[in-house]
file model_17.txt (compact mmCIF, C-alpha atoms and all ligand atoms)
# COMPACT_ATOMS: atom_id res chain seq x y z
CA MET T 242 -2.92 31.97 1.73
CA SER T 243 -0.13 34.11 3.15
CA ARG T 244 -2.61 36.78 4.18
CA PHE T 245 -4.42 34.17 6.17
CA LEU T 246 -1.28 33.01 7.85
CA ASN T 247 -0.20 36.47 8.91
CA ASN T 248 -3.25 36.52 11.07
CA LYS T 249 -2.13 35.53 14.56
CA LEU T 250 -4.95 33.05 14.83
CA PHE T 251 -3.41 31.03 12.08
CA ARG T 252 0.11 31.21 13.44
CA TYR T 253 -0.45 27.92 15.18
CA LEU T 254 -2.91 26.27 12.96
CA PHE T 255 -4.64 23.40 14.55
CA VAL T 256 -5.17 20.99 11.73
CA PHE T 257 -7.10 18.02 13.06
CA ILE T 258 -7.79 15.70 15.96
CA PHE T 259 -8.95 12.17 15.96
CA PHE T 260 -10.96 11.19 18.95
CA ASN T 261 -11.60 7.83 20.27
CA PHE T 262 -12.73 6.47 23.53
CA THR T 263 -9.83 4.50 24.85
CA THR T 264 -7.14 6.05 26.97
CA LEU T 265 -3.67 4.68 27.14
CA PRO T 266 -1.90 4.96 30.47
CA ALA T 267 0.44 7.95 30.39
CA LYS T 268 3.45 5.80 31.09
CA SER T 269 2.95 3.47 28.16
CA SER T 270 5.37 3.33 25.26
CA SER T 271 4.94 5.52 22.23
CA SER T 272 1.94 4.79 20.05
CA LEU T 273 3.98 5.78 17.00
CA ALA T 274 5.20 2.47 15.59
CA ALA T 275 6.74 3.51 12.25
CA TRP T 276 6.91 6.50 9.94
CA THR T 277 8.11 7.24 6.42
CA LEU T 278 8.36 10.48 4.51
CA LYS T 279 8.21 9.28 0.92
CA THR T 280 9.82 10.67 -2.24
CA ASN T 281 6.44 12.08 -3.33
CA GLY T 282 6.09 14.18 -0.16
CA ASN T 283 3.61 11.85 1.55
CA LEU T 284 4.08 11.15 5.23
CA GLU T 285 2.88 7.70 6.21
CA LEU T 286 2.46 6.50 9.76
CA ARG T 287 1.76 3.28 11.51
CA THR T 288 0.45 3.62 15.04
CA LYS T 289 -0.82 1.47 17.86
CA SER T 290 -4.50 0.73 17.90
CA ASN T 291 -6.80 3.33 19.45
CA THR T 292 -4.43 6.16 18.79
CA ASN T 293 -5.18 9.84 19.17
CA LEU T 294 -3.29 11.98 16.69
CA LYS T 295 -3.02 15.72 16.96
CA ALA T 296 -1.32 17.58 14.17
CA TYR T 297 -0.08 21.16 14.14
CA PHE T 298 1.46 23.60 11.73
CA GLN T 299 3.70 26.55 12.46
CA LYS T 300 4.56 29.17 9.88
CA ALA T 301 8.20 30.00 9.20
CA ASN T 302 9.83 32.86 11.09
CA LYS T 303 13.24 34.52 10.97
CA MET T 304 14.87 31.58 12.69
CA TYR T 305 13.07 28.57 11.29
CA GLY T 306 11.33 27.30 8.22
CA ASP T 307 7.77 25.94 8.21
CA ARG T 308 7.18 23.22 10.75
CA PHE T 309 4.66 20.46 10.93
CA TRP T 310 4.29 18.17 13.89
CA ILE T 311 2.13 15.40 15.22
CA ASP T 312 1.69 14.42 18.86
CA PHE T 313 1.12 10.82 19.84
CA ARG T 314 0.21 9.29 23.15
CA GLY T 315 2.83 7.31 24.98
CA GLU T 316 6.44 8.04 25.60
CA LEU T 317 9.43 7.80 23.35
CA LYS T 318 12.53 6.08 24.72
CA ASN T 319 15.24 7.86 22.76
CA PRO T 320 14.63 11.39 21.53
CA ARG T 321 16.55 11.87 18.28
CA THR T 322 17.15 14.13 15.30
CA ILE T 323 17.40 12.83 11.77
CA LYS T 324 19.07 14.90 9.08
CA GLY T 325 16.87 15.80 6.13
CA ASN T 326 17.52 16.27 2.44
CA GLY T 327 15.86 18.25 -0.35
CA SER T 328 13.29 20.62 1.19
CA ILE T 329 13.48 18.93 4.59
CA LYS T 330 15.92 20.40 7.07
CA GLU T 331 15.51 17.79 9.75
CA ILE T 332 13.10 15.49 11.50
CA ARG T 333 12.99 15.32 15.26
CA LEU T 334 11.42 12.76 17.51
CA GLY T 335 10.98 14.16 20.96
CA LYS T 336 9.28 14.02 24.31
CA PRO T 337 7.72 17.49 24.79
CA LYS T 338 6.08 16.35 28.02
CA ILE T 339 5.59 13.19 30.01
CA GLY T 340 3.49 10.66 28.17
CA THR T 341 3.76 12.29 24.75
CA THR T 342 5.77 11.60 21.62
CA ARG T 343 6.25 14.39 19.11
CA LEU T 344 7.28 13.92 15.49
CA VAL T 345 8.48 17.26 14.08
CA ILE T 346 9.18 17.82 10.41
CA GLU T 347 11.12 21.00 9.87
CA PHE T 348 11.36 22.39 6.36
CA LYS T 349 14.16 24.48 4.92
CA LYS T 350 13.47 28.18 4.75
CA GLU T 351 12.49 28.44 1.12
CA THR T 352 9.75 25.81 1.37
CA TYR T 353 6.18 26.87 2.08
CA LEU T 354 3.49 24.44 3.03
CA GLN T 355 -0.20 24.91 2.37
CA PRO T 356 -1.57 24.11 5.80
CA LEU T 357 -5.21 24.60 4.91
CA ARG T 358 -4.92 21.84 2.36
CA LEU T 359 -3.37 19.29 4.69
CA ARG T 360 -5.64 16.31 5.19
CA MET T 361 -4.88 13.21 7.16
CA ILE T 362 -6.31 10.09 5.58
CA GLY T 363 -6.82 6.86 7.47
CA LEU T 364 -5.65 3.95 5.32
CA ASP T 365 -6.46 1.37 7.90
CA GLU T 366 -7.27 1.37 11.60
CA ASN T 367 -3.61 1.86 12.42
CA ARG T 368 -2.23 3.47 9.26
CA TRP T 369 -2.33 7.10 8.21
CA ARG T 370 -1.23 9.17 5.28
CA ILE T 371 -0.88 12.90 4.73
CA LYS T 372 0.37 14.77 1.68
CA LEU T 373 2.80 17.29 3.18
CA PHE T 374 4.55 18.84 0.21
CA ASN T 375 5.39 18.50 -3.46
CA PRO T 376 9.13 17.89 -3.74
CA LYS T 377 10.52 20.23 -6.38
CA LYS T 378 14.04 18.90 -6.21
CA SER T 379 14.71 15.25 -5.75
CA PHE T 380 13.92 14.07 -2.28
CA LYS T 381 15.21 10.88 -0.75
CA LYS T 382 12.86 8.88 1.43
CA ILE T 383 13.37 9.17 5.21
CA GLY T 384 11.80 6.91 7.78
CA GLU T 385 12.01 4.44 10.62
CA GLY T 386 10.38 1.04 10.76
CA SER T 387 7.97 -0.38 8.25
CA VAL T 388 4.67 1.42 7.87
CA GLU T 389 3.32 -1.55 5.95
CA LYS T 390 4.02 -4.10 8.63
CA LYS T 391 1.03 -5.86 10.07
CA ILE T 392 1.11 -7.29 13.54
CA GLY T 393 -1.02 -10.40 13.46
CA ASN T 394 -2.30 -10.19 16.97
CA VAL T 395 -2.91 -6.52 17.27
CA LYS T 396 -5.58 -6.44 14.64
CA SER T 397 -8.13 -8.58 16.35
CA THR T 398 -7.79 -6.88 19.72
CA GLN T 399 -7.86 -3.54 17.99
CA ASN T 400 -11.10 -4.26 16.23
CA SER T 401 -12.79 -5.57 19.31
CA SER T 402 -11.82 -2.66 21.55
CA TYR T 403 -12.31 -0.05 18.89
CA MET T 404 -14.88 2.44 20.18
CA LYS T 405 -16.59 -0.20 22.20
CA LYS T 406 -16.98 1.95 25.27
CA ARG T 407 -19.78 4.03 23.76
CA VAL T 408 -23.25 2.64 24.04
CA TYR T 409 -25.22 3.18 20.89
CA ASP T 410 -28.81 3.08 22.05
CA SER T 411 -31.71 5.46 21.75
CA LEU T 412 -31.37 6.70 25.35
CA GLN T 413 -28.39 8.79 24.30
CA LEU T 414 -30.20 10.32 21.36
CA PRO T 415 -31.92 13.74 21.38
CA SER T 416 -35.63 13.67 22.17
CA VAL T 417 -38.37 15.06 19.96
CA LYS T 418 -42.10 15.41 20.45
CA ARG T 419 -43.55 11.90 20.30
CA ASN T 420 -45.97 10.88 17.52
CA LYS T 421 -45.42 14.10 15.66
CA PHE T 422 -42.96 13.21 12.89
CA LEU T 423 -43.05 10.88 9.90
CA VAL T 424 -39.78 9.76 8.37
CA VAL T 425 -39.23 7.63 5.29
CA ILE T 426 -35.97 5.68 5.17
CA ASP T 427 -34.99 4.33 1.78
CA PRO T 428 -32.47 1.47 1.76
CA GLY T 429 -30.87 1.75 -1.70
CA HIS T 430 -31.11 -1.02 -4.35
CA GLY T 431 -32.52 -4.46 -3.47
CA GLY T 432 -33.49 -7.77 -5.02
CA PRO T 433 -31.78 -8.36 -8.37
CA ASP T 434 -29.94 -5.06 -7.99
CA PRO T 435 -27.30 -5.54 -5.29
CA GLY T 436 -25.78 -2.07 -5.76
CA ALA T 437 -22.04 -1.84 -5.15
CA ILE T 438 -20.06 -5.02 -4.60
CA GLY T 439 -17.09 -4.44 -2.36
CA ILE T 440 -14.02 -6.16 -1.01
CA GLY T 441 -14.75 -9.79 -0.14
CA GLY T 442 -18.05 -9.63 -2.00
CA VAL T 443 -19.87 -7.50 0.56
CA ARG T 444 -23.05 -6.15 -1.08
CA GLU T 445 -24.42 -2.64 -0.76
CA THR T 446 -28.02 -3.89 -0.62
CA ASP T 447 -27.32 -5.95 2.51
CA VAL T 448 -25.31 -3.25 4.28
CA VAL T 449 -27.83 -0.47 3.71
CA LEU T 450 -30.82 -2.64 4.59
CA GLU T 451 -29.35 -3.57 7.95
CA VAL T 452 -28.37 0.04 8.67
CA SER T 453 -31.84 1.26 7.67
CA LYS T 454 -33.57 -1.22 9.95
CA ILE T 455 -31.47 -0.09 12.91
CA VAL T 456 -32.25 3.55 12.11
CA GLU T 457 -35.94 2.62 12.03
CA LYS T 458 -35.70 0.94 15.43
CA LEU T 459 -33.84 3.85 17.05
CA LEU T 460 -36.24 6.47 15.68
CA SER T 461 -39.31 4.43 16.63
CA GLU T 462 -38.05 4.23 20.20
CA LYS T 463 -38.01 8.04 20.15
CA GLY T 464 -41.65 8.18 19.09
CA VAL T 465 -40.95 8.98 15.45
CA LYS T 466 -43.12 7.18 12.91
CA VAL T 467 -40.86 5.45 10.38
CA ARG T 468 -41.57 3.70 7.09
CA LEU T 469 -38.97 1.82 5.08
CA THR T 470 -39.39 1.81 1.31
CA ARG T 471 -38.33 -1.85 1.39
CA LYS T 472 -37.96 -4.32 4.26
CA ASN T 473 -36.27 -7.14 2.40
CA GLU T 474 -34.59 -8.08 -0.86
CA VAL T 475 -37.19 -6.91 -3.33
CA ASP T 476 -36.78 -5.25 -6.66
CA LEU T 477 -37.97 -1.70 -6.17
CA ASP T 478 -37.72 0.93 -8.86
CA LEU T 479 -37.01 4.56 -8.03
CA PRO T 480 -40.45 6.13 -8.83
CA PRO T 481 -42.34 3.97 -6.29
CA ARG T 482 -39.85 4.98 -3.57
CA VAL T 483 -40.64 8.61 -4.29
CA SER T 484 -44.40 8.23 -4.57
CA PHE T 485 -44.39 6.20 -1.35
CA ALA T 486 -42.80 9.10 0.54
CA ASN T 487 -44.99 11.71 -1.14
CA ARG T 488 -48.20 9.75 -0.48
CA PHE T 489 -47.21 9.08 3.09
CA GLY T 490 -46.68 12.81 3.64
CA ALA T 491 -43.29 12.23 5.23
CA ASP T 492 -41.55 15.10 7.01
CA ILE T 493 -38.20 13.97 5.68
CA PHE T 494 -36.79 11.34 3.33
CA VAL T 495 -33.40 9.69 3.82
CA SER T 496 -31.95 7.35 1.21
CA ILE T 497 -29.05 5.21 2.45
CA HIS T 498 -26.30 3.98 0.12
CA ALA T 499 -22.70 2.78 0.15
CA ASN T 500 -20.15 3.72 -2.48
CA ALA T 501 -17.83 1.97 -4.90
CA SER T 502 -14.92 3.64 -6.65
CA ARG T 503 -14.17 3.23 -10.30
CA GLY T 504 -11.55 0.55 -10.71
CA LYS T 505 -12.32 -0.60 -7.14
CA ARG T 506 -9.43 1.37 -5.72
CA ARG T 507 -8.71 0.29 -2.17
CA ASP T 508 -7.18 3.62 -1.24
CA ILE T 509 -10.41 5.52 -1.88
CA ASN T 510 -12.56 5.84 1.22
CA GLY T 511 -14.87 8.51 2.56
CA LEU T 512 -18.35 9.68 3.36
CA GLU T 513 -20.64 12.11 1.58
CA THR T 514 -24.23 13.32 1.81
CA PHE T 515 -26.32 14.78 -1.00
CA TYR T 516 -29.38 17.02 -1.05
CA TYR T 517 -31.15 18.41 -4.10
CA ARG T 518 -32.23 21.89 -3.05
CA GLY T 519 -33.44 24.05 -0.18
CA TRP T 520 -31.93 25.02 3.14
CA ARG T 521 -33.86 22.30 4.95
CA GLY T 522 -32.39 19.55 2.84
CA ARG T 523 -28.97 21.11 3.20
CA LEU T 524 -29.31 21.39 6.98
CA LEU T 525 -30.42 17.78 7.27
CA ALA T 526 -27.53 16.65 5.03
CA LYS T 527 -25.01 18.63 7.08
CA GLY T 528 -26.30 17.21 10.34
CA ILE T 529 -26.15 13.61 9.13
CA GLN T 530 -22.74 14.07 7.49
CA LYS T 531 -21.31 15.49 10.71
CA GLN T 532 -22.57 12.55 12.75
CA ILE T 533 -21.45 9.77 10.40
CA LEU T 534 -17.96 11.29 10.25
CA ARG T 535 -17.74 11.15 14.02
CA VAL T 536 -18.13 7.39 14.03
CA SER T 537 -15.74 6.87 11.08
CA PRO T 538 -12.40 8.31 12.21
CA GLY T 539 -9.80 8.63 9.47
CA SER T 540 -12.29 8.20 6.66
CA PRO T 541 -12.22 11.35 4.48
CA ASP T 542 -15.00 13.92 4.59
CA ARG T 543 -16.15 14.14 0.97
CA GLY T 544 -18.62 16.77 2.01
CA VAL T 545 -22.23 17.80 1.71
CA LYS T 546 -23.11 18.30 -1.94
CA GLN T 547 -25.99 19.05 -4.22
CA GLY T 548 -26.93 16.01 -6.27
CA ARG T 549 -29.60 15.35 -8.88
CA TYR T 550 -30.45 11.84 -7.80
CA PHE T 551 -33.99 10.85 -8.75
CA VAL T 552 -35.15 10.02 -5.23
CA ILE T 553 -34.08 13.33 -3.70
CA LYS T 554 -35.05 15.41 -6.70
CA ASN T 555 -38.63 14.19 -6.91
CA THR T 556 -39.59 13.85 -3.28
CA ARG T 557 -41.59 16.81 -2.01
CA MET T 558 -40.13 16.95 1.52
CA PRO T 559 -36.53 17.72 2.59
CA ALA T 560 -34.61 14.75 1.22
CA VAL T 561 -31.04 13.51 1.41
CA LEU T 562 -29.00 10.64 0.04
CA VAL T 563 -26.21 9.51 2.31
CA GLU T 564 -23.18 7.45 1.22
CA ILE T 565 -21.90 5.72 4.34
CA GLY T 566 -18.49 4.68 2.97
CA PHE T 567 -16.75 2.90 0.12
CA LEU T 568 -17.29 -0.85 0.05
CA THR T 569 -14.29 -0.95 -2.30
CA GLY T 570 -12.07 1.02 0.11
CA ARG T 571 -9.84 -0.84 2.52
CA LEU T 572 -10.66 1.26 5.55
CA ASP T 573 -14.41 1.67 5.01
CA ALA T 574 -15.06 -1.87 3.82
CA ARG T 575 -13.41 -3.47 6.81
CA ARG T 576 -15.75 -1.48 9.01
CA LEU T 577 -18.93 -1.79 7.00
CA GLU T 578 -18.75 -5.54 6.86
CA LYS T 579 -19.32 -5.62 10.64
CA THR T 580 -22.64 -5.23 12.38
CA SER T 581 -20.93 -3.26 15.17
CA HIS T 582 -20.01 -0.50 12.73
CA ARG T 583 -23.38 -0.64 10.97
CA LYS T 584 -24.91 0.07 14.39
CA ARG T 585 -22.65 3.07 14.88
CA ILE T 586 -23.53 4.44 11.45
CA ALA T 587 -27.24 3.89 12.07
CA TYR T 588 -26.96 5.64 15.40
CA ALA T 589 -25.21 8.57 13.71
CA ILE T 590 -27.88 8.87 11.01
CA ALA T 591 -30.65 8.69 13.63
CA LYS T 592 -28.90 11.39 15.64
CA GLY T 593 -28.62 13.66 12.61
CA ILE T 594 -32.32 13.15 11.87
CA LEU T 595 -33.44 13.79 15.45
CA GLU T 596 -31.32 16.92 15.77
CA TYR T 597 -32.84 18.22 12.57
CA LEU T 598 -36.41 17.44 13.71
CA SER T 599 -35.87 19.05 17.09
CA LYS T 600 -34.54 22.22 15.42
CA VAL T 601 -36.76 22.58 12.38
CA GLY T 602 -39.70 20.35 13.28
ZN ZN K 701 -26.19 2.88 -4.12
call {"tool": "encode", "arguments": {"input": "model_17.txt", "output": "structure tokens"}}
result
Amino acid sequence: MSRFLNNKLFRYLFVFIFFNFTTLPAKSSSSLAAWTLKTNGNLELRTKSNTNLKAYFQKANKMYGDRFWIDFRGELKNPRTIKGNGSIKEIRLGKPKIGTTRLVIEFKKETYLQPLRLRMIGLDENRWRIKLFNPKKSFKKIGEGSVEKKIGNVKSTQNSSYMKKRVYDSLQLPSVKRNKFLVVIDPGHGGPDPGAIGIGGVRETDVVLEVSKIVEKLLSEKGVKVRLTRKNEVDLDLPPRVSFANRFGADIFVSIHANASRGKRRDINGLETFYYRGWRGRLLAKGIQKQILRVSPGSPDRGVKQGRYFVIKNTRMPAVLVEIGFLTGRLDARRLEKTSHRKRIAYAIAKGILEYLSKVG
């Protein structure tokens, strides 16, 4: 780790950015609404809706300890410094330039962060959490405002404006040679097997069927031949899904699922894509994973992994199984219950497929 950080490139380590498509006017008030650095070393934030966060890390030098900071849109009224305790020297809220709020956490000299392990997790559309450090000595909570607080009104406007400016239709998707490719889309579960049951009773079978049908429509508009393994709520075992794809001579096979966590933990969210073997399957999985993450800001990247699922193990073409979020997770479930988000996910999957087909063919 330290060898890495001595490299100048890592001196200012850019950790992450969240994009979205709404711009706040530069003069607006700070989009940081509340923050708390908890006794367990977690930093929690509540922000305005449609917030861009940029986080940075700076290694300690002779003068200062490690520093971590986050920039928010909108301007702070009263720059201030708050005294720390334990490993924290101080916390500063500042205005580095017009239209920006900066929250700086400065550690005492003997504390070393592990910047490559820092991951921001979206808990909700306006709540964030990041594990910053493991307090060795006792650490007393520091913060301003309530990160838990919900503002009744904000939520509905937030949901409706959230990413709405993008148009998710096939015109924006990459083009491939028409009538050349055959794709089998496999909506997981069905009929008596509803798959995962999430918050509010939302069922995996319904979510993945709707997403699959939108993927089918988008790909068809691009001249790709698509077959769904099921078009409605029927009981379909795994072997027929595989033999269907094999018989059809599909170029690729994509099985679509949604997750549930053990114990239905609401804090577990995230997306993952599995392949069984081969660089083609891996490439397809990586492409789809990248695209679905783009439309799911704040939801953790659980990665591209090898998996031994029956449907991807026994199909003869490059095959992936994509998990589009946790129906038991607060952040993912709230999105997946809406058709607007299902459209975004379907668009992302279609984009991953088309990019793969245009590259590998
Ligand atoms: Zn499933």
call {"tool": "closest_atom_pairs", "arguments": {"input": "model_17.txt", "of": "chain T", "to": "ligand ZN 701 (chain K)", "cutoff": "7 Å", "atoms": "only C-alpha atoms and all ligand atoms", "output": "Markdown table"}}
result
| residue | atom | partner | partner_atom | distance |
| --- | --- | --- | --- | --- |
| T:Gly429 | CA | K:ZN701 | ZN | 5.4 |
| T:His430 | CA | K:ZN701 | ZN | 6.3 |
| T:Gly436 | CA | K:ZN701 | ZN | 5.2 |
| T:Ala437 | CA | K:ZN701 | ZN | 6.4 |
| T:Glu445 | CA | K:ZN701 | ZN | 6.7 |
| T:His498 | CA | K:ZN701 | ZN | 4.4 |
| T:Ala499 | CA | K:ZN701 | ZN | 5.5 |
| T:Asn500 | CA | K:ZN701 | ZN | 6.3 |
call {"tool": "atom_distance", "arguments": {"input": "model_17.txt", "atom1": "atom CA of T:Gly544", "atom2": "atom CA of T:Leu524"}}
result
12.7 Å
call {"tool": "closest_residue", "arguments": {"input": "model_17.txt", "among": "T:Arg343, T:Lys592, T:Lys600, T:Lys372", "to": "T:Ser411", "atoms": "all atoms listed in the file"}}
result
T:Lys592
call {"tool": "residues_around", "arguments": {"input": "model_17.txt", "residues": "stretch 563-573 of chain T", "least_positions_apart": "4", "cutoff": "7 Å", "atoms": "only C-alpha atoms", "output": "VMD selection string"}}
result
chain T and resid 364 to 366 438 to 440 496 to 502 505 to 515 577
call {"tool": "write_last_selection", "arguments": {"input": "model_17.txt", "atoms": "C-alpha atoms", "output": "PDB file, in the frame of the given file"}}
result
ATOM      1  CA  LEU T 364      -5.650   3.950   5.320  1.00  0.00           C
ATOM      2  CA  ASP T 365      -6.460   1.370   7.900  1.00  0.00           C
ATOM      3  CA  GLU T 366      -7.270   1.370  11.600  1.00  0.00           C
ATOM      4  CA  ILE T 438     -20.060  -5.020  -4.600  1.00  0.00           C
ATOM      5  CA  GLY T 439     -17.090  -4.440  -2.360  1.00  0.00           C
ATOM      6  CA  ILE T 440     -14.020  -6.160  -1.010  1.00  0.00           C
ATOM      7  CA  SER T 496     -31.950   7.350   1.210  1.00  0.00           C
ATOM      8  CA  ILE T 497     -29.050   5.210   2.450  1.00  0.00           C
ATOM      9  CA  HIS T 498     -26.300   3.980   0.120  1.00  0.00           C
ATOM     10  CA  ALA T 499     -22.700   2.780   0.150  1.00  0.00           C
ATOM     11  CA  ASN T 500     -20.150   3.720  -2.480  1.00  0.00           C
ATOM     12  CA  ALA T 501     -17.830   1.970  -4.900  1.00  0.00           C
ATOM     13  CA  SER T 502     -14.920   3.640  -6.650  1.00  0.00           C
ATOM     14  CA  LYS T 505     -12.320  -0.600  -7.140  1.00  0.00           C
ATOM     15  CA  ARG T 506      -9.430   1.370  -5.720  1.00  0.00           C
ATOM     16  CA  ARG T 507      -8.710   0.290  -2.170  1.00  0.00           C
ATOM     17  CA  ASP T 508      -7.180   3.620  -1.240  1.00  0.00           C
ATOM     18  CA  ILE T 509     -10.410   5.520  -1.880  1.00  0.00           C
ATOM     19  CA  ASN T 510     -12.560   5.840   1.220  1.00  0.00           C
ATOM     20  CA  GLY T 511     -14.870   8.510   2.560  1.00  0.00           C
ATOM     21  CA  LEU T 512     -18.350   9.680   3.360  1.00  0.00           C
ATOM     22  CA  GLU T 513     -20.640  12.110   1.580  1.00  0.00           C
ATOM     23  CA  THR T 514     -24.230  13.320   1.810  1.00  0.00           C
ATOM     24  CA  PHE T 515     -26.320  14.780  -1.000  1.00  0.00           C
ATOM     25  CA  LEU T 577     -18.930  -1.790   7.000  1.00  0.00           C
TER      26      LEU T 577
END
call {"tool": "atom_distance", "arguments": {"input": "model_17.txt", "atom1": "atom CA of T:Ser290", "atom2": "atom CA of T:Glu385"}}
result
18.4 Å
call {"tool": "residues_near_point", "arguments": {"input": "model_17.txt", "point": "(-41.1, 14.0, 17.1)", "cutoff": "10 Å", "atoms": "all atoms listed in the file", "output": "MDAnalysis selection string"}}
result
chainID T and resid 416:424 460:461 463:466 595 598:599 602
call {"tool": "atom_distance", "arguments": {"input": "model_17.txt", "atom1": "atom CA of T:Ser328", "atom2": "atom CA of T:Lys349"}}
result
5.4 Å
call {"tool": "residues_around", "arguments": {"input": "model_17.txt", "residues": "T:Tyr588", "least_positions_apart": "4", "cutoff": "8 Å", "atoms": "only C-alpha atoms", "output": "list of chain:residue names"}}
result
T:Tyr409, T:Asp410, T:Ser411, T:Ile455, T:Val456, T:Leu459, T:Lys584, T:Lys592
call {"tool": "write_last_selection", "arguments": {"input": "model_17.txt", "atoms": "C-alpha atoms", "output": "PDB file, in the frame of the given file"}}
result
ATOM      1  CA  TYR T 409     -25.220   3.180  20.890  1.00  0.00           C
ATOM      2  CA  ASP T 410     -28.810   3.080  22.050  1.00  0.00           C
ATOM      3  CA  SER T 411     -31.710   5.460  21.750  1.00  0.00           C
ATOM      4  CA  ILE T 455     -31.470  -0.090  12.910  1.00  0.00           C
ATOM      5  CA  VAL T 456     -32.250   3.550  12.110  1.00  0.00           C
ATOM      6  CA  LEU T 459     -33.840   3.850  17.050  1.00  0.00           C
ATOM      7  CA  LYS T 584     -24.910   0.070  14.390  1.00  0.00           C
ATOM      8  CA  LYS T 592     -28.900  11.390  15.640  1.00  0.00           C
TER       9      LYS T 592
END
call {"tool": "closest_residue", "arguments": {"input": "model_17.txt", "among": "T:Gly363, T:Pro415, T:Gly282, T:Pro337", "to": "T:Phe380", "atoms": "all atoms listed in the file"}}
result
T:Gly282
